[in-house]
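Okay, model-v3.txt now, which holds compact mmCIF, C-alpha atoms:
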# COMPACT_ATOMS: atom_id res chain seq x y z
CA MET A 1 11.92 -15.05 -23.47
CA ALA A 2 12.01 -11.25 -23.68
CA LYS A 3 13.29 -10.94 -27.22
CA ILE A 4 11.42 -13.98 -28.55
CA ASN A 5 10.72 -13.71 -32.26
CA ASN A 6 8.25 -15.42 -34.57
CA LEU A 7 10.71 -18.07 -35.70
CA THR A 8 11.49 -19.06 -32.10
CA LYS A 9 7.81 -19.06 -31.22
CA ASP A 10 7.18 -21.35 -34.22
CA PHE A 11 9.97 -23.65 -33.06
CA ILE A 12 8.61 -23.96 -29.52
CA GLU A 13 5.07 -24.58 -30.79
CA ALA A 14 6.30 -27.08 -33.37
CA ILE A 15 8.40 -29.03 -30.88
CA ASN A 16 5.32 -29.40 -28.67
CA GLU A 17 3.26 -30.59 -31.64
CA ILE A 18 5.77 -33.17 -32.86
CA GLU A 19 6.38 -34.52 -29.37
CA ILE A 20 3.74 -37.18 -29.98
CA MET A 21 5.88 -38.56 -32.84
CA LEU A 22 8.83 -38.78 -30.46
CA LEU A 23 6.69 -40.46 -27.82
CA ALA A 24 5.73 -43.08 -30.43
CA LEU A 25 9.46 -43.75 -30.77
CA PHE A 26 9.68 -44.07 -26.94
CA PHE A 27 11.45 -40.75 -26.48
CA LYS A 28 10.36 -38.68 -23.48
CA ARG A 29 11.28 -35.05 -22.92
CA HIS A 30 14.20 -34.90 -20.54
CA SER A 31 15.23 -31.24 -20.53
CA PHE A 32 14.33 -27.88 -21.96
CA PHE A 33 17.31 -25.58 -21.72
CA GLU A 34 17.32 -21.94 -22.77
CA LYS A 35 20.52 -19.93 -23.18
CA GLY A 36 19.97 -16.41 -24.40
CA LEU A 37 17.97 -16.83 -27.60
CA ALA A 38 19.19 -20.40 -28.09
CA TYR A 39 17.17 -23.48 -27.13
CA PHE A 40 18.39 -26.96 -26.34
CA ILE A 41 15.68 -29.60 -25.96
CA GLU A 42 16.60 -33.15 -25.10
CA TYR A 43 14.57 -36.36 -25.30
CA ARG A 44 15.60 -39.69 -23.85
CA LYS A 45 14.70 -43.31 -24.39
CA GLU A 46 14.96 -46.05 -21.77
CA ASN A 47 18.04 -47.55 -23.43
CA ASN A 48 19.82 -44.20 -22.84
CA THR A 49 19.61 -43.14 -26.49
CA ARG A 50 19.20 -39.38 -26.51
CA VAL A 51 18.17 -36.93 -29.16
CA GLU A 52 18.78 -33.22 -28.81
CA PHE A 53 17.28 -30.43 -30.88
CA LEU A 54 19.13 -27.13 -30.99
CA PHE A 55 17.78 -23.88 -32.32
CA GLY A 56 19.06 -20.33 -32.10
CA PRO A 57 21.38 -17.61 -33.38
CA SER A 58 23.02 -16.82 -35.67
CA ASP A 59 22.06 -19.39 -38.31
CA TRP A 60 18.60 -20.07 -36.86
CA ASP A 61 18.80 -23.59 -38.24
CA ILE A 62 17.44 -26.63 -36.46
CA GLU A 63 20.19 -29.01 -35.46
CA MET A 64 19.59 -32.58 -34.34
CA ILE A 65 22.17 -34.59 -32.44
CA ILE A 66 21.65 -38.25 -31.57
CA TYR A 67 23.64 -39.73 -28.68
CA THR A 68 23.78 -43.51 -28.40
CA SER A 69 26.04 -46.08 -26.80
CA LYS A 70 28.05 -45.94 -30.04
CA GLY A 71 28.69 -42.20 -29.76
CA LYS A 72 27.51 -38.82 -30.84
CA PHE A 73 25.85 -38.41 -34.23
CA ALA A 74 25.16 -34.93 -35.56
CA PHE A 75 23.71 -34.43 -39.04
CA LYS A 76 27.20 -34.43 -40.56
CA ASP A 77 28.00 -37.76 -38.88
CA LEU A 78 24.79 -39.31 -40.17
CA LEU A 79 25.71 -38.16 -43.69
CA SER A 80 28.96 -40.10 -43.42
CA ILE A 81 26.93 -43.35 -43.31
CA PRO A 82 26.36 -44.24 -47.00
CA GLU A 83 22.80 -45.57 -46.53
CA LEU A 84 21.77 -42.42 -44.70
CA SER A 85 23.55 -40.17 -47.17
CA SER A 86 21.61 -41.76 -50.03
CA TRP A 87 18.37 -41.46 -48.04
CA VAL A 88 19.04 -37.71 -47.59
CA ASN A 89 19.76 -37.37 -51.32
CA ASN A 90 16.56 -39.19 -52.23
CA ASN A 91 14.43 -37.36 -49.70
CA ARG A 92 15.68 -33.82 -49.94
CA TYR A 93 13.80 -31.33 -47.84
CA LYS A 94 11.95 -28.94 -50.09
CA GLN A 95 11.41 -25.50 -48.68
CA GLU A 96 8.45 -23.57 -49.95
CA ASN A 97 8.24 -19.78 -49.94
CA SER A 98 8.83 -19.27 -46.24
CA ARG A 99 10.28 -21.52 -43.58
CA ASN A 100 8.01 -24.06 -41.99
CA ILE A 101 9.65 -25.08 -38.74
CA LYS A 102 7.20 -27.90 -38.09
CA ASN A 103 7.95 -29.46 -41.48
CA GLU A 104 11.67 -29.15 -40.82
CA LEU A 105 11.29 -30.90 -37.46
CA GLU A 106 9.18 -33.66 -39.05
CA TRP A 107 11.88 -34.18 -41.68
CA PHE A 108 14.48 -34.54 -38.92
CA ILE A 109 12.30 -37.08 -37.12
CA ASP A 110 11.98 -39.06 -40.37
CA LEU A 111 15.76 -38.96 -40.65
CA MET A 112 16.05 -40.13 -37.05
CA LYS A 113 13.70 -43.07 -37.69
CA VAL A 114 15.92 -44.18 -40.58
CA SER A 115 19.12 -43.51 -38.66
CA LEU A 116 18.40 -45.25 -35.35
CA PRO A 117 18.97 -48.82 -36.64
CA TYR A 118 22.41 -47.76 -37.90
CA VAL A 119 23.56 -45.81 -34.84
CA GLU A 120 22.00 -47.67 -31.89
CA MET B 1 79.47 -36.82 79.04
CA LYS B 2 75.94 -37.58 78.04
CA PHE B 3 75.07 -33.96 78.48
CA PHE B 4 77.99 -32.88 76.34
CA LEU B 5 76.97 -35.27 73.61
CA LYS B 6 73.40 -34.00 73.69
CA ILE B 7 74.59 -30.42 73.31
CA LEU B 8 76.87 -31.42 70.50
CA PHE B 9 74.07 -33.31 68.76
CA PHE B 10 71.79 -30.32 69.22
CA PHE B 11 74.29 -27.97 67.61
CA ILE B 12 74.97 -30.41 64.80
CA THR B 13 71.25 -30.78 64.08
CA LEU B 14 70.77 -27.05 64.21
CA PHE B 15 73.72 -26.45 61.93
CA GLN B 16 72.59 -29.09 59.41
CA THR B 17 69.12 -27.62 59.26
CA ASN B 18 70.56 -24.19 58.64
CA ILE B 19 72.78 -25.56 55.90
CA VAL B 20 69.84 -27.30 54.25
CA GLU B 21 67.66 -24.23 54.59
CA ALA B 22 70.48 -22.11 53.31
CA LYS B 23 70.95 -24.51 50.40
CA ILE B 24 67.23 -24.44 49.68
CA PHE B 25 67.16 -20.66 49.95
CA VAL B 26 70.15 -20.25 47.69
CA LEU B 27 68.79 -22.76 45.19
CA GLU B 28 65.41 -21.06 45.13
CA ASN B 29 67.12 -17.75 44.46
CA ILE B 30 69.19 -19.25 41.70
CA ILE B 31 66.17 -20.95 40.13
CA SER B 32 63.97 -17.88 40.37
CA SER B 33 66.67 -15.65 39.02
CA ALA B 34 67.38 -18.14 36.28
CA THR B 35 63.68 -18.35 35.45
CA PHE B 36 63.41 -14.57 35.50
CA PHE B 37 66.33 -14.20 33.12
CA THR B 38 65.05 -16.97 30.84
CA THR B 39 61.63 -15.30 30.69
CA LEU B 40 63.22 -11.95 30.13
CA ASN B 41 65.47 -13.37 27.44
CA SER B 42 62.69 -15.24 25.70
CA GLU B 43 60.46 -12.16 25.72
CA LYS B 44 63.33 -10.10 24.51
CA SER B 45 64.23 -12.61 21.85
CA SER B 46 60.67 -12.97 20.57
CA VAL B 47 60.29 -9.19 20.29
CA GLU B 48 63.67 -8.94 18.65
CA LEU B 49 62.91 -11.81 16.27
CA GLU B 50 59.56 -10.31 15.39
CA SER B 51 61.12 -7.00 14.52
CA ILE B 52 63.90 -8.75 12.60
CA PHE B 53 61.39 -10.87 10.63
CA SER B 54 59.20 -7.91 9.84
CA GLU B 55 62.20 -5.85 8.84
CA ASN B 56 63.46 -8.67 6.65
CA GLU B 57 60.05 -9.17 5.15
CA LEU B 58 59.70 -5.53 4.31
CA ALA B 59 63.28 -5.40 3.13
CA ASN B 60 62.71 -8.39 0.91
CA THR B 61 59.41 -7.12 -0.45
CA CYS B 62 60.31 -3.55 -1.07
CA LYS B 63 63.31 -1.28 -0.89
CA SER B 64 61.46 1.71 0.50
CA GLU B 65 58.10 2.84 1.80
CA GLY B 66 57.24 4.09 -1.67
CA ASP B 67 57.85 0.61 -3.05
CA LEU B 68 55.54 -0.86 -0.41
CA VAL B 69 52.72 1.42 -1.51
CA ALA B 70 53.43 0.59 -5.14
CA TYR B 71 53.44 -3.15 -4.35
CA ARG B 72 50.10 -2.92 -2.50
CA ASN B 73 48.59 -0.91 -5.36
CA TRP B 74 49.89 -3.44 -7.91
CA SER B 75 48.29 -6.27 -5.95
CA ILE B 76 44.94 -4.44 -5.77
CA SER B 77 45.03 -3.52 -9.45
CA SER B 78 46.04 -7.04 -10.56
CA ASN B 79 43.11 -8.50 -8.62
CA ALA B 80 40.80 -5.99 -10.27
CA ASP B 81 42.29 -6.78 -13.69
CA ALA B 82 41.75 -10.51 -13.15
CA ALA B 83 38.11 -9.97 -12.17
CA LYS B 84 37.64 -7.60 -15.08
CA ALA B 85 39.26 -10.03 -17.54
CA GLY B 86 37.03 -12.88 -16.32
CA ALA B 87 33.97 -10.77 -16.97
CA ASN B 88 35.33 -9.57 -20.31
CA ILE B 89 35.86 -12.94 -21.94
CA LYS B 90 33.21 -14.15 -24.35
CA TYR B 91 33.04 -17.18 -26.58
CA LEU B 92 32.08 -17.57 -30.22
CA GLY B 93 31.37 -20.95 -31.71
CA ARG B 94 28.89 -23.50 -33.03
CA MET B 95 25.77 -23.70 -30.90
CA GLU B 96 26.48 -27.21 -29.63
CA ASP B 97 29.89 -26.04 -28.40
CA LEU B 98 28.40 -23.01 -26.63
CA LYS B 99 25.99 -25.16 -24.61
CA GLY B 100 28.36 -25.61 -21.68
CA ILE B 101 29.50 -21.99 -21.55
CA PRO B 102 27.84 -19.53 -19.13
CA ARG B 103 25.19 -17.37 -20.78
CA SER B 104 26.99 -14.17 -19.78
CA GLN B 105 30.05 -15.32 -21.70
CA THR B 106 28.24 -15.65 -25.02
CA ILE B 107 26.57 -13.12 -27.30
CA LEU B 108 23.48 -15.32 -27.72
CA ASP B 109 21.37 -12.69 -25.96
CA ASP B 110 22.32 -9.98 -28.43
CA LEU B 111 21.43 -11.71 -31.68
CA PRO B 112 17.66 -11.68 -32.25
CA ASN B 113 16.46 -12.94 -35.61
CA LEU B 114 16.01 -9.97 -37.94
CA GLY B 115 14.26 -12.04 -40.60
CA SER B 116 16.90 -12.33 -43.29
CA PRO B 117 20.38 -13.89 -43.31
CA LYS B 118 21.85 -10.62 -44.63
CA ALA B 119 20.40 -8.56 -41.76
CA ASN B 120 21.45 -11.21 -39.26
CA TYR B 121 25.00 -11.16 -40.68
CA TYR B 122 25.32 -7.37 -40.32
CA GLN B 123 23.87 -7.54 -36.82
CA ASN B 124 26.30 -10.30 -35.90
CA MET B 125 29.35 -8.38 -37.11
CA SER B 126 28.11 -5.19 -35.46
CA VAL B 127 27.65 -6.91 -32.07
CA ILE B 128 31.16 -8.39 -32.25
CA ARG B 129 32.75 -5.04 -33.16
CA LYS B 130 30.85 -3.29 -30.35
CA ASN B 131 32.09 -5.90 -27.84
CA LEU B 132 35.66 -5.53 -29.11
CA ARG B 133 35.46 -1.74 -28.64
CA GLU B 134 34.31 -2.36 -25.07
CA GLY B 135 37.42 -4.44 -24.43
CA VAL B 136 35.87 -7.89 -24.65
CA THR B 137 38.27 -10.72 -25.46
CA PHE B 138 36.67 -13.33 -27.71
CA LYS B 139 37.70 -16.96 -27.49
CA ASP B 140 36.93 -19.75 -29.95
CA ALA B 141 34.68 -22.39 -28.39
CA SER B 142 34.85 -24.44 -31.64
CA TRP B 143 38.60 -24.15 -32.18
CA PHE B 144 38.79 -27.88 -32.94
CA ARG B 145 36.50 -27.58 -35.97
CA PRO B 146 38.33 -26.68 -39.19
CA ASN B 147 36.56 -24.45 -41.72
CA SER B 148 36.36 -27.46 -44.04
CA GLU B 149 34.31 -29.55 -41.59
CA LEU B 150 30.78 -30.29 -42.74
CA ALA B 151 28.02 -28.25 -41.10
CA PRO B 152 25.06 -29.37 -43.20
CA LYS B 153 21.62 -27.83 -43.06
CA LEU B 154 18.36 -29.22 -44.37
CA ASN B 155 18.45 -27.70 -47.84
CA TRP B 156 22.25 -27.42 -48.05
CA PRO B 157 23.82 -30.76 -47.01
CA THR B 158 27.28 -29.81 -48.29
CA ARG B 159 27.66 -26.62 -46.24
CA THR B 160 30.93 -26.36 -44.30
CA VAL B 161 31.83 -24.61 -41.01
CA GLY B 162 33.49 -21.82 -43.02
CA GLN B 163 30.15 -21.13 -44.71
CA THR B 164 28.19 -20.69 -41.48
CA PHE B 165 27.72 -17.50 -39.45
CA TYR B 166 30.32 -18.85 -37.06
CA GLY B 167 32.70 -19.14 -40.04
CA ALA B 168 32.11 -15.43 -40.73
CA GLU B 169 32.79 -14.60 -37.07
CA ARG B 170 36.00 -16.63 -37.17
CA ASN B 171 37.01 -14.85 -40.37
CA LEU B 172 36.45 -11.43 -38.77
CA MET B 173 38.54 -12.34 -35.74
CA GLN B 174 41.33 -13.78 -37.91
CA ASN B 175 41.38 -10.70 -40.16
CA ARG B 176 41.85 -8.53 -37.08
CA GLY B 177 44.74 -10.75 -35.99
CA LEU B 178 42.95 -11.74 -32.81
CA TRP B 179 42.68 -15.44 -33.60
CA PRO B 180 45.33 -17.63 -35.18
CA LYS B 181 44.70 -18.58 -38.80

Kindly return the structure encoded in the file as structure tokens.
Amino acid sequence: MAKINNLTKDFIEAINEIEIMLLALFFKRHSFFEKGLAYFIEYRKENNTRVEFLFGPSDWDIEMIIYTSKGKFAFKDLLSIPELSSWVNNNRYKQENSRNIKNELEWFIDLMKVSLPYVE
Amino acid sequence: MKFFLKILFFFITLFQTNIVEAKIFVLENIISSATFFTTLNSEKSSVELESIFSENELANTCKSEGDLVAYRNWSISSNADAAKAGANIKYLGRMEDLKGIPRSQTILDDLPNLGSPKANYYQNMSVIRKNLREGVTFKDASWFRPNSELAPKLNWPTRTVGQTFYGAERNLMQNRGLWPK
């Protein structure tokens, strides 16, 4: 946590704020893993569906990976499902002047809500 | 007659006893001498064998004393090299592929966010070059991902691996001939 920057601080605050949305989807925090300046936070549901949020260098992008009994689904895998691809096209994330990590996380959770029926 | 027989019997008994004792005495001597020689031989043979084995071992390992020193030094230096190489291997790759790699074998600690992608790019390249100068060997943790594989981000769903920072790192390593193209 020594070299923590504003973006990382925003991410950690945002993940705590959106946790209630994950709880509503029956996901409980399972692990919080820090490697250098990278963060790996995993939530689990009772049916063993897992969702992992990754954040760190060098891209500093949020990545979401869903693990279900059917396999591993990163953003690119979700885009290969036509229904989800069209949802992403119709609901493009619009970035304002500066990055809003909380909004980005909320968009990912919306994508997860749409995706779960297809991947679980 | 009876007296004569008694004397005869006495002498016979005495003689037999002497023979038996003599036999026992002689046998004991033979056995003890045999045991002594066996012990002596076995001790001798084990010492001889030991020296033969050690001579053979040395002879097989090295031709001269100088070679023995060189061999020992090679062994010490190769162990040191192995330890050094283990510490000097680092991995580059997509974040999800770096998750299982020890923290000390990544450069994740050296890449704080500088605020803009351009500054982060220059920092990234600088950190890699510095590590290469220090003798670090970089390995590709995401070798199985081609540059054409999708690596979408929120506002750029068509981005590929080649267009990420990792793609730039891979490009740098390939241009230096350190990674296969």

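Protein and nucleic acid residues near (18.7, -32.6, -35.1) are Glu52, Phe53, Leu54, Ile62, Glu63, Met64, Ile65, Ala74, Phe75 and Phe108 of chain A, the criterion being any atom at most 7 Å away using all atoms listed in the file.
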
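Rounded to one decimal, atom CA of Val127 of chain B and atom CA of Arg145 of chain B lie 22.8 Å from each other.
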
Near chain B, meaning an atom within 6 Å, which residues of chain A appear when counting all atoms listed in the file? Write them as an MDAnalysis selection string. chainID A and resid 35:37 76 93

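For Lys113 of chain A, the set of protein, DNA and RNA residues having any atom at most 10 Å away, when counting all atoms listed in the file and skipping those fewer than 5 positions along the same chain, is Leu22, Leu25, Trp107, Phe108 and Tyr118 of chain A.
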
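Each of A:Lys45, A:Lys102, A:Lys94, A:His30 was checked against Glu13 of chain A using only C-alpha atoms; the smallest atom-to-atom distance is that of A:Lys102.
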
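With only C-alpha atoms as the atoms that count, the residue of B:Val161, B:Ile89, B:Leu178, B:Arg170 with the shortest distance to Val136 of chain B is B:Ile89.
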
Please enclose the listed atoms of segment 87-104 of chain B in an axis-aligned box, pad each side by 6 Å, and write out the centre and the three edge lengths in Å, rounded to one decimal, as AutoDock Vina command-line options.
--center_x 30.5 --center_y -18.4 --center_z -25.0 --size_x 22.7 --size_y 29.6 --size_z 28.1

Grab the atom CA of Phe33 of chain A to atom CA of Asn103 of chain A distance for me, in Å with one decimal place.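 Taking atom CA of Phe33 of chain A as the start and atom CA of Asn103 of chain A as the end point, the length is 22.2 Å.
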
Between atom CA of Ala14 of chain A and atom CA of Glu106 of chain A, measure the distance and give it in Å to one decimal. 9.2 Å

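For the residues A:Val119, A:Phe40, A:Leu23, A:Lys70, ranking by smallest atom-to-atom distance to Thr8 of chain A using all atoms listed in the file places A:Phe40 first.
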
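Among the candidates A:Ser86, A:Ser115, A:Thr49, A:Asn16, the residue lying nearest to Ser69 of chain A is A:Thr49 (atoms considered: only C-alpha atoms).
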